[in-house]
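Enquirer: Pasting start04.cif here (mmCIF, C-alpha atoms and all ligand atoms):
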```
data_start
#
loop_
_atom_site.label_atom_id
_atom_site.label_comp_id
_atom_site.auth_asym_id
_atom_site.auth_seq_id
_atom_site.Cartn_x
_atom_site.Cartn_y
_atom_site.Cartn_z
CA MET A 1 -68.04 72.35 38.12
CA THR A 2 -66.78 73.69 34.79
CA VAL A 3 -66.30 77.04 36.50
CA PHE A 4 -63.53 75.55 38.61
CA LYS A 5 -61.79 73.89 35.68
CA SER A 6 -60.06 77.09 34.73
CA MET A 7 -58.81 77.64 38.25
CA ASN A 8 -55.29 76.59 39.01
CA PRO A 9 -54.51 76.48 42.74
CA LEU A 10 -50.81 76.73 41.95
CA LYS A 11 -50.42 80.27 40.73
CA LYS A 12 -47.01 81.74 40.27
CA ALA A 13 -44.67 80.52 43.00
CA THR A 14 -43.37 83.26 45.27
CA ARG A 15 -39.73 83.38 46.29
CA ASN A 16 -40.84 82.27 49.72
CA ASP A 17 -42.43 79.16 48.16
CA LEU A 18 -39.17 78.48 46.32
CA ALA A 19 -37.17 78.90 49.54
CA ASN A 20 -39.43 76.35 51.23
CA LEU A 21 -38.97 74.06 48.24
CA CYS A 22 -35.17 74.19 48.67
CA GLU A 23 -35.56 73.34 52.33
CA ALA A 24 -37.83 70.39 51.55
CA LEU A 25 -35.55 69.04 48.83
CA TRP A 26 -32.04 69.74 50.14
CA GLY A 27 -32.35 70.91 53.72
CA TRP A 28 -31.15 74.50 53.27
CA LYS A 29 -32.95 77.79 52.80
CA PRO A 30 -31.82 80.94 51.00
CA CYS A 31 -31.60 83.98 53.22
CA ALA A 32 -34.23 86.69 53.70
CA ASP A 33 -32.35 89.00 51.33
CA TRP A 34 -32.87 86.52 48.50
CA ILE A 35 -36.52 85.98 49.35
CA GLU A 36 -37.24 89.71 49.42
CA GLU A 37 -35.15 90.26 46.29
CA GLN A 38 -32.98 92.90 47.95
CA LYS A 39 -30.94 94.79 45.44
CA TYR A 40 -28.04 95.19 47.85
CA HIS A 41 -27.40 91.90 49.44
CA LYS A 42 -26.17 92.49 52.99
CA CYS A 43 -25.14 89.07 54.26
CA LEU A 44 -23.03 88.02 51.28
CA HIS A 45 -19.47 87.21 52.42
CA GLN A 46 -20.51 87.79 56.02
CA ASP A 47 -22.76 84.92 56.91
CA PRO A 48 -21.31 81.52 55.99
CA ARG A 49 -24.77 80.02 56.15
CA CYS A 50 -26.11 82.36 53.49
CA HIS A 51 -27.25 80.34 50.50
CA HIS A 52 -27.89 83.28 48.21
CA GLN A 53 -25.54 82.15 45.44
CA ARG A 54 -26.79 78.63 45.61
CA ALA A 55 -30.36 79.74 45.08
CA GLU A 56 -29.31 82.02 42.23
CA ARG A 57 -27.70 79.08 40.48
CA LEU A 58 -30.98 77.15 40.57
CA GLN A 59 -32.94 79.72 38.56
CA LEU A 60 -33.63 77.33 35.67
CA PHE A 61 -34.88 74.69 38.09
CA PHE A 62 -37.23 77.25 39.63
CA ASP A 63 -38.46 78.08 36.11
CA PHE A 64 -39.04 74.38 35.51
CA TYR A 65 -40.93 74.11 38.81
CA GLY A 66 -43.06 77.13 37.90
CA GLU A 67 -43.83 75.64 34.51
CA ILE A 68 -44.94 72.18 35.63
CA THR A 69 -47.04 73.54 38.48
CA ALA A 70 -48.65 76.15 36.25
CA TYR A 71 -49.88 73.42 33.89
CA TYR A 72 -51.38 71.47 36.75
CA VAL A 73 -55.16 71.54 36.57
CA PRO A 74 -56.89 69.62 39.36
CA GLU A 75 -59.87 67.40 38.70
CA PHE A 76 -62.65 68.58 40.92
CA SER A 77 -65.18 66.00 41.93
CA SER A 78 -68.24 66.52 44.02
CA SER A 79 -67.18 64.45 47.03
CA LEU A 80 -63.48 65.15 47.35
CA PRO A 81 -61.54 68.36 47.88
CA PRO A 82 -58.73 69.13 45.41
CA ALA A 83 -55.45 67.45 46.28
CA PHE A 84 -53.83 70.79 47.06
CA ASN A 85 -54.70 74.44 47.24
CA SER A 86 -51.26 76.04 47.37
CA HIS A 87 -47.56 75.49 46.80
CA GLY A 88 -47.35 74.84 50.53
CA ASP A 89 -49.61 71.78 50.12
CA LEU A 90 -47.45 70.44 47.29
CA ILE A 91 -44.27 70.98 49.31
CA ALA A 92 -45.92 69.16 52.23
CA ILE A 93 -46.46 66.15 49.93
CA ILE A 94 -42.80 66.34 48.86
CA GLN A 95 -41.69 66.30 52.49
CA TYR A 96 -44.09 63.48 53.28
CA ILE A 97 -42.79 61.30 50.42
CA LYS A 98 -39.17 61.91 51.40
CA LYS A 99 -39.81 61.11 55.05
CA ASN A 100 -41.65 57.91 54.16
CA ALA A 101 -39.62 56.75 51.20
CA ASP A 102 -39.94 53.12 52.31
CA LYS A 103 -43.72 52.94 52.39
CA PRO A 104 -45.75 51.79 49.38
CA ARG A 105 -47.30 54.57 47.35
CA VAL A 106 -50.89 53.50 47.98
CA GLN A 107 -50.32 53.65 51.74
CA LEU A 108 -48.71 57.11 51.46
CA THR A 109 -51.60 58.49 49.47
CA LEU A 110 -54.19 57.11 51.85
CA GLU A 111 -52.35 58.30 54.95
CA HIS A 112 -51.50 61.74 53.63
CA PHE A 113 -54.94 62.63 52.39
CA GLY A 114 -56.61 60.84 55.27
CA ILE A 115 -54.85 62.94 57.89
CA SER A 116 -54.34 66.35 56.37
CA GLY A 117 -57.23 66.31 53.90
CA GLN A 118 -60.50 67.89 54.80
CA PRO A 119 -63.11 65.58 56.31
CA ARG A 120 -64.90 63.51 53.73
CA VAL A 121 -68.42 62.16 53.75
CA SER A 122 -67.40 58.70 52.55
CA PRO A 123 -63.72 57.79 52.44
CA SER A 124 -63.08 56.27 49.04
CA PRO A 125 -61.30 52.89 49.14
CA SER A 126 -58.96 53.84 46.31
CA PRO A 127 -57.26 57.21 45.99
CA SER A 128 -58.79 59.52 43.43
CA SER A 129 -56.99 60.31 40.22
CA ASP A 130 -56.39 63.84 41.44
CA GLN A 131 -54.47 62.58 44.45
CA ASN A 132 -52.44 60.32 42.17
CA ARG A 133 -51.58 63.24 39.95
CA ALA A 134 -50.58 65.27 42.99
CA PHE A 135 -48.15 62.52 43.99
CA ASP A 136 -46.90 62.24 40.38
CA LEU A 137 -46.18 65.96 40.42
CA ALA A 138 -44.42 65.84 43.79
CA ALA A 139 -42.26 62.89 42.67
CA ARG A 140 -41.43 64.79 39.49
CA VAL A 141 -40.23 67.81 41.46
CA ILE A 142 -38.04 65.62 43.69
CA THR A 143 -36.47 63.53 40.93
CA THR A 144 -37.06 65.52 37.70
CA PHE A 145 -38.36 62.24 36.29
CA GLU A 146 -41.60 62.50 34.39
CA CYS A 147 -43.67 60.33 36.71
CA THR A 148 -46.98 58.51 36.47
CA ILE A 149 -48.92 55.75 38.19
CA GLU A 150 -49.47 52.41 36.44
CA GLY A 151 -52.27 52.37 33.85
CA GLN A 152 -51.76 56.02 32.90
CA ALA A 153 -48.62 55.66 30.82
CA ASP A 154 -50.28 54.88 27.48
CA SER A 155 -51.86 58.28 27.01
CA GLN A 156 -48.57 59.97 27.88
CA LEU A 157 -46.61 57.76 25.50
CA GLU A 158 -48.95 58.88 22.74
CA ALA A 159 -48.10 62.46 23.61
CA GLY A 160 -44.44 61.64 22.99
CA LEU A 161 -43.45 61.45 26.65
CA HIS A 162 -41.56 58.63 28.30
CA PRO A 163 -42.85 58.67 31.86
CA ALA A 164 -41.29 56.62 34.63
CA ILE A 165 -43.89 54.51 36.37
CA TRP A 166 -44.34 54.60 40.12
CA PRO A 167 -46.75 51.71 40.77
CA SER A 168 -49.07 51.94 43.75
CA ASP A 169 -47.54 48.92 45.50
CA ARG A 170 -43.97 50.27 45.30
CA THR A 171 -42.14 52.58 47.68
CA PHE A 172 -40.51 55.83 46.56
CA ASN A 173 -37.05 54.28 46.98
CA GLN A 174 -38.03 51.34 44.76
CA PHE A 175 -39.40 53.79 42.21
CA VAL A 176 -36.19 55.84 41.89
CA ASP A 177 -34.11 52.66 41.68
CA SER A 178 -36.25 51.35 38.82
CA CYS A 179 -36.32 54.56 36.71
CA ILE A 180 -33.03 53.94 34.90
CA PRO A 181 -32.19 50.45 36.14
CA LYS A 182 -28.64 49.19 36.37
CA GLN A 183 -27.74 46.86 33.56
CA SER A 184 -26.00 44.46 35.91
CA GLN A 185 -29.40 43.99 37.52
CA LEU A 186 -31.14 43.56 34.18
CA ARG A 187 -28.51 41.22 32.76
CA VAL A 188 -29.16 42.23 29.19
CA GLY A 189 -27.29 41.35 26.10
CA PRO A 190 -23.84 42.11 24.75
CA TYR A 191 -23.48 45.60 26.21
CA ASN A 192 -23.62 44.35 29.76
CA ASP A 193 -20.12 45.48 30.47
CA ILE A 194 -19.74 48.79 28.76
CA ALA A 195 -16.21 49.11 30.11
CA GLN A 196 -15.30 46.57 27.47
CA GLN A 197 -16.38 49.01 24.77
CA PRO A 198 -13.11 50.92 24.40
CA GLN A 199 -14.51 53.31 21.81
CA LEU A 200 -16.64 55.00 24.45
CA HIS A 201 -13.54 56.17 26.26
CA LEU A 202 -11.90 57.69 23.23
CA GLY A 203 -14.02 60.78 23.21
CA SER A 204 -16.03 59.60 20.23
CA LEU A 205 -19.42 60.42 21.67
CA THR A 206 -19.17 64.16 21.88
CA VAL A 207 -22.05 66.45 21.00
CA LYS A 208 -19.77 67.85 18.31
CA ARG A 209 -19.68 64.46 16.54
CA LEU A 210 -23.34 63.75 17.16
CA LYS A 211 -24.11 66.95 15.28
CA ARG A 212 -21.51 66.77 12.57
CA ILE A 213 -21.38 63.06 11.73
CA ALA A 214 -24.75 61.70 12.80
CA LYS A 215 -26.46 65.01 11.81
CA LEU A 216 -28.55 64.93 14.98
CA THR A 217 -30.36 67.92 16.44
CA ILE A 218 -29.75 68.47 20.16
CA VAL A 219 -32.94 68.82 22.19
CA ARG A 220 -32.89 70.15 25.75
CA THR A 221 -34.90 68.09 28.21
CA ASP A 222 -35.99 68.67 31.81
CA ASP A 223 -36.87 64.99 32.14
CA LEU A 224 -33.98 62.93 33.48
CA GLY A 225 -35.67 59.82 32.06
CA SER A 226 -35.21 61.18 28.52
CA HIS A 227 -31.50 61.86 28.91
CA LEU A 228 -29.48 60.59 25.89
CA LEU A 229 -32.63 59.32 24.21
CA LEU A 230 -32.12 58.99 20.45
CA ASP A 231 -35.06 59.59 18.12
CA ARG A 232 -33.95 58.13 14.78
CA LYS A 233 -37.12 59.15 12.98
CA ASN A 234 -36.87 62.84 13.81
CA GLY A 235 -33.09 62.88 13.97
CA THR A 236 -32.86 64.23 17.52
CA VAL A 237 -31.08 63.36 20.73
CA ALA A 238 -32.37 64.61 24.08
CA ILE A 239 -29.91 65.91 26.65
CA TYR A 240 -30.79 66.52 30.29
CA HIS A 241 -29.23 69.73 31.51
CA HIS A 242 -29.98 70.49 35.19
CA THR A 243 -26.48 69.88 36.52
CA SER A 244 -26.91 72.44 39.30
CA VAL A 245 -29.79 70.30 40.60
CA LEU A 246 -27.74 67.11 40.32
CA LYS A 247 -24.97 68.80 42.32
CA GLU A 248 -27.44 69.71 45.05
CA HIS A 249 -28.56 66.08 45.24
CA LEU A 250 -24.95 64.96 45.55
CA MET A 251 -24.04 67.54 48.15
CA MET A 252 -26.96 66.43 50.26
CA ALA A 253 -25.91 62.80 49.97
CA GLN A 254 -22.40 63.81 51.10
CA THR A 255 -23.46 65.81 54.13
CA GLN A 256 -25.62 62.91 55.18
CA HIS A 257 -22.62 60.68 54.98
CA HIS A 258 -20.59 62.96 57.21
CA THR A 259 -23.22 63.72 59.81
CA PRO A 260 -25.12 60.64 60.79
CA GLY A 261 -27.79 61.11 63.36
CA PRO A 262 -31.10 62.92 63.50
CA SER A 263 -30.52 64.65 60.15
CA THR A 264 -30.85 61.29 58.35
CA SER A 265 -34.59 61.81 58.36
CA GLN A 266 -33.82 63.62 55.08
CA HIS A 267 -33.61 60.99 52.39
CA SER A 268 -31.58 61.55 49.27
CA ASN A 269 -33.61 62.41 46.21
CA LEU A 270 -31.92 60.18 43.64
CA PRO A 271 -29.48 57.26 43.80
CA LYS A 272 -25.99 58.71 44.14
CA ASP A 273 -24.42 56.55 41.43
CA LEU A 274 -27.13 57.53 38.94
CA VAL A 275 -26.46 61.22 39.64
CA GLN A 276 -22.71 60.78 39.30
CA GLU A 277 -22.99 58.83 36.08
CA THR A 278 -25.30 61.45 34.61
CA MET A 279 -22.84 64.19 35.55
CA TYR A 280 -20.07 62.19 33.95
CA THR A 281 -21.92 61.77 30.64
CA LEU A 282 -22.47 65.53 30.52
CA LYS A 283 -19.13 66.83 31.75
CA HIS A 284 -16.78 64.33 30.14
CA VAL A 285 -18.49 62.38 27.37
CA LEU A 286 -20.74 64.92 25.64
CA PHE A 287 -18.91 68.17 26.33
CA PRO A 288 -15.17 67.59 26.69
CA VAL A 289 -12.82 70.52 27.15
CA ASP A 290 -11.92 71.53 23.61
CA PRO A 291 -12.61 74.83 21.86
CA GLU A 292 -15.28 73.54 19.49
CA SER A 293 -17.20 71.68 22.20
CA ARG A 294 -16.98 74.75 24.44
CA SER A 295 -18.45 77.06 21.83
CA LEU A 296 -21.17 74.53 21.05
CA LEU A 297 -22.03 74.38 24.74
CA GLN A 298 -22.03 78.15 24.95
CA SER A 299 -24.54 78.43 22.12
CA LEU A 300 -26.75 75.77 23.73
CA ILE A 301 -26.70 77.78 26.96
CA THR A 302 -27.53 81.10 25.33
CA LYS A 303 -29.92 79.95 22.60
CA ASP A 304 -31.53 76.80 24.01
CA LYS A 305 -31.47 77.71 27.71
CA PHE A 306 -29.25 74.87 28.88
CA ASP A 307 -28.14 75.16 32.51
CA PRO A 308 -25.15 77.59 32.55
CA ASP A 309 -23.68 75.43 35.29
CA LEU A 310 -22.67 72.94 32.56
CA ARG A 311 -19.73 75.10 31.54
CA ASN A 312 -18.44 75.29 35.10
CA ASP A 313 -15.15 73.37 34.99
CA ILE A 314 -13.48 74.56 38.15
CA ASP A 315 -16.14 73.11 40.38
CA THR A 316 -15.27 69.42 40.70
CA SER A 317 -16.97 68.87 44.03
CA TRP A 318 -19.30 66.33 42.44
CA GLN A 319 -16.46 64.10 41.37
CA GLN A 320 -15.83 61.17 43.63
CA HIS A 321 -13.70 58.92 41.50
CA GLU A 322 -11.94 59.79 38.28
CA ALA A 323 -11.45 56.05 37.72
CA PRO A 324 -12.79 54.44 34.53
CA MET A 325 -16.54 54.42 34.67
CA VAL A 326 -18.82 51.58 33.85
CA TYR A 327 -21.93 53.07 32.35
CA GLU A 328 -24.32 51.04 34.44
CA HIS A 329 -27.30 53.29 33.89
CA TRP A 330 -26.73 55.03 30.58
CA GLY A 331 -24.70 52.34 28.81
CA LEU A 332 -27.43 51.15 26.46
CA ARG A 333 -28.30 54.67 25.32
CA LEU A 334 -24.65 55.57 24.86
CA MET A 335 -24.21 52.47 22.68
CA ASP A 336 -27.25 53.50 20.64
CA LEU A 337 -25.65 56.87 20.01
CA TYR A 338 -22.35 55.24 19.21
CA ASP A 339 -24.06 53.03 16.59
CA GLU A 340 -25.71 56.10 15.14
CA ILE A 341 -22.33 57.77 14.67
CA GLN A 342 -20.90 54.62 13.08
CA THR A 343 -23.80 54.14 10.66
CA PRO A 344 -25.80 57.35 10.54
CA THR A 345 -29.44 57.18 9.49
CA PRO A 346 -29.79 59.12 6.20
CA ARG A 347 -31.05 62.61 7.05
CA GLY A 348 -30.85 65.02 4.08
CA TYR A 349 -33.60 65.06 1.42
CA LEU A 350 -31.34 63.74 -1.35
CA GLU A 351 -29.75 61.13 0.94
CA ARG A 352 -33.14 59.79 1.97
CA TRP A 353 -34.36 59.76 -1.66
CA MET A 354 -31.28 57.84 -2.78
CA GLU A 355 -31.72 55.41 0.08
CA ARG A 356 -35.35 54.81 -0.89
CA LYS A 357 -34.70 54.53 -4.63
CA SER A 358 -31.70 52.24 -4.52
CA GLY A 359 -33.79 49.07 -5.12
CA SER A 360 -33.33 47.11 -8.42
CA ARG A 361 -36.77 48.19 -9.67
CA TYR A 362 -35.67 51.82 -9.49
CA VAL A 363 -32.39 51.03 -11.25
CA MET A 364 -34.45 49.50 -14.13
CA MET A 365 -36.65 52.57 -14.22
CA ALA A 366 -33.63 54.85 -14.30
CA THR A 367 -32.13 52.87 -17.22
CA LEU A 368 -35.43 53.01 -19.08
CA ALA A 369 -35.63 56.76 -18.57
CA GLY A 370 -32.11 57.07 -19.96
CA VAL A 371 -33.06 55.07 -23.08
CA LEU A 372 -36.16 57.22 -23.62
CA ILE A 373 -34.10 60.40 -23.37
CA ALA A 374 -31.60 58.97 -25.93
CA ILE A 375 -34.43 58.17 -28.37
CA MET A 376 -35.87 61.67 -27.94
CA LEU A 377 -32.49 63.25 -28.61
CA GLY A 378 -32.13 61.06 -31.74
CA VAL A 379 -35.51 62.14 -33.06
CA LEU A 380 -34.64 65.80 -32.41
CA SER A 381 -31.29 65.62 -34.22
CA LEU A 382 -33.02 63.85 -37.14
CA ALA A 383 -35.50 66.73 -37.37
CA VAL A 384 -32.67 69.26 -37.29
CA SER A 385 -30.77 67.51 -40.14
CA ILE A 386 -33.97 67.23 -42.22
CA PHE A 387 -34.47 70.98 -41.80
CA GLN A 388 -30.83 71.68 -42.77
CA ALA A 389 -31.17 69.50 -45.86
CA TRP A 390 -34.32 71.38 -46.83
CA VAL A 391 -32.59 74.76 -46.41
CA GLY A 392 -29.66 73.52 -48.56
CA TRP A 393 -32.01 72.29 -51.30
CA GLN A 394 -33.88 75.64 -51.30
CA GLN A 395 -30.59 77.55 -51.67
CA TRP A 396 -29.56 75.33 -54.59
CA GLN A 397 -32.95 75.73 -56.29
CA HIS A 398 -33.14 79.52 -55.88
CA PRO A 399 -29.58 80.88 -55.89
CA VAL A 400 -29.29 84.51 -54.87
CA SER A 401 -27.76 86.41 -57.79
CA SER A 402 -25.59 89.32 -56.86
ZN ZN A 501 -27.76 86.15 52.17
#
```
Output the file's structure in the form of structure tokens.
Expert:
Amino acid sequence: MTVFKSMNPLKKATRNDLANLCEALWGWKPCADWIEEQKYHKCLHQDPRCHHQRAERLQLFFDFYGEITAYYVPEFSSSLPPAFNSHGDLIAIIQYIKKNADKPRVQLTLEHFGISGQPRVSPSPSPSSDQNRAFDLAARVITTFECTIEGQADSQLEAGLHPAIWPSDRTFNQFVDSCIPKQSQLRVGPYNDIAQQPQLHLGSLTVKRLKRIAKLTIVRTDDLGSHLLLDRKNGTVAIYHHTSVLKEHLMMAQTQHHTPGPSTSQHSNLPKDLVQETMYTLKHVLFPVDPESRSLLQSLITKDKFDPDLRNDIDTSWQQHEAPMVYEHWGLRLMDLYDEIQTPTPRGYLERWMERKSGSRYVMMATLAGVLIAIMLGVLSLAVSIFQAWVGWQQWQHPVSS
């Protein structure tokens, strides 16, 4: 079996695979010219249904998809076939989850692999770990949330990840609602109504200030669940960047709203208010329109591969209401960042040393060191004056006669 371990069924995704992925996620497909990578694109400006530009804009998402599928290594067991053999199989799972977003995960897994899987000698009562990982991967592609089933999170937490948990008895819809829960549902603490925190609306939480005042390093993340996550120990803040993907999610939600009917079999990928709030934190809170923020954003796009769509100001199609926002989803993390700007954790070497050594014991030690240095200086100057006196005495004893 070790021979198979090195085999990854998901080799590099072709442009046809990516076109099918777009169709599964958002219900549109880039044209044949895009798929065949035609140098001279014929249907541009001619066919209104051509989604060439749209697909071009999603390049970083396709890179992300290629990356997470490339790292997928199936667990082969003797009795069960691998959960998928191609990108087509993974996309089929994505479609299946979206069509059955109101069925519990355990039922989905059993049904999907029971019907389309190859015949098994003895159907296992519980889905194998490989099938679970296949569903984790599919859910991650749909939502860009790092996803795992219950009982698997500990090992991932150790690896520094913060996976969202999709328990086996929950539906996909319940899972996406629970990823970044609304605070009004949680009813937690003093930050319940973030609208009452006026500071957040005064443009105090920009990336510019996070860097300059809180001395934080900006880390790009593909995991929506890590968005705005502050790591005080390492002095970093993670920022989710796939705004072109978020826009696609929103556009799909809007077309659904306008055309009810058979097309509603396509379920939205993420809750609309979560997507809008995330867009708002990126476009208004973190990167406002001022020269310094713009140039910071530009360097993040060119050096750290942030989604170039972030700097797109003209496109306001995602905006539904300009009205004051209540940060239902990201409020707690925004407040964390706000606190960090107000009282920054010491970062520099000297700052940290001073912070550590400011206890009374260290003050005593510093005083003692000062006294010792004073005594040493006294002894030295005594030696110098003794030597001078000796030189003077020698000169008096043996005067040089000229
Ligand atoms: Zn085209």
Enquirer: Counting only C-alpha atoms and all ligand atoms, name the residues that have an atom within 10 Å of an atom of ligand ZN 501 (chain A); the answer should be given as a list in words.
Expert: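 Taking only C-alpha atoms and all ligand atoms into account, the residues around ligand ZN 501 (chain A) at most 10 Å away are Lys29, Pro30, Cys31, Ala32, Asp33, Trp34, Ile35, Gln38, His41, Lys42, Cys43, Leu44, His45, Gln46, Asp47, Pro48, Arg49, Cys50, His51, His52, Gln53 and Ala55 of chain A.
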Enquirer: In Å, how far is it from atom CA of Glu146 of chain A to atom CA of Thr281 of chain A?
Expert: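 Going from atom CA of Glu146 of chain A over to atom CA of Thr281 of chain A, I get 20.0 Å.
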Enquirer: Using all atoms listed in the file for the distances, tell me which of A:Leu282, A:Ala164, A:Met252, A:Ile93 is nearest to Pro181 of chain A.
Expert: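 When distances to Pro181 of chain A are compared using all atoms listed in the file, the smallest one comes from A:Ala164.
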Enquirer: Work out how far atom CA of Asn85 of chain A is from atom CA of Pro9 of chain A, in Å to one decimal.
Expert: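 Going from atom CA of Pro9 of chain A over to atom CA of Asn85 of chain A, I get 4.9 Å.
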Enquirer: What does the distance from atom CA of Ala92 of chain A to atom CA of Gly66 of chain A come to in Å, to one decimal?
Expert: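 These two atoms are separated by 16.6 Å.
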Enquirer: Using only C-alpha atoms for the distances, tell me which of A:Met376, A:Ala13, A:Leu286, A:Ala134 is nearest to Thr206 of chain A.
Expert: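 The answer is A:Leu286, which sits nearest to Thr206 of chain A.
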Enquirer: Counting only C-alpha atoms, figure out which residue out of A:Leu108, A:Lys211, A:Ser168, A:Ala138 gets nearest to Leu296 of chain A.
Expert: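 Closest candidate: A:Lys211.
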Enquirer: Counting all atoms listed in the file, what is within 12 Å of Ser268 of chain A, bar same-chain residues fewer than 3 positions away, as a ChimeraX atom specification?
Expert: /A:24-27,95,97-101,142-143,172-173,176-177,246,248-257,263-265,271-275
Enquirer: Here is a test: counting only C-alpha atoms, which residue of A:Ile68, A:Ile149, A:Met364, A:Leu205 is nearest to Gln342 of chain A?
Expert: A:Leu205
Enquirer: Can you work out which one of A:Thr302, A:Glu37, A:Leu297, A:Leu337 has the shortest atom-to-atom distance to Ala238 of chain A, counting all atoms listed in the file?
Expert: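 Looking only at the distances to Ala238 of chain A, the closest residue turns out to be A:Leu337.
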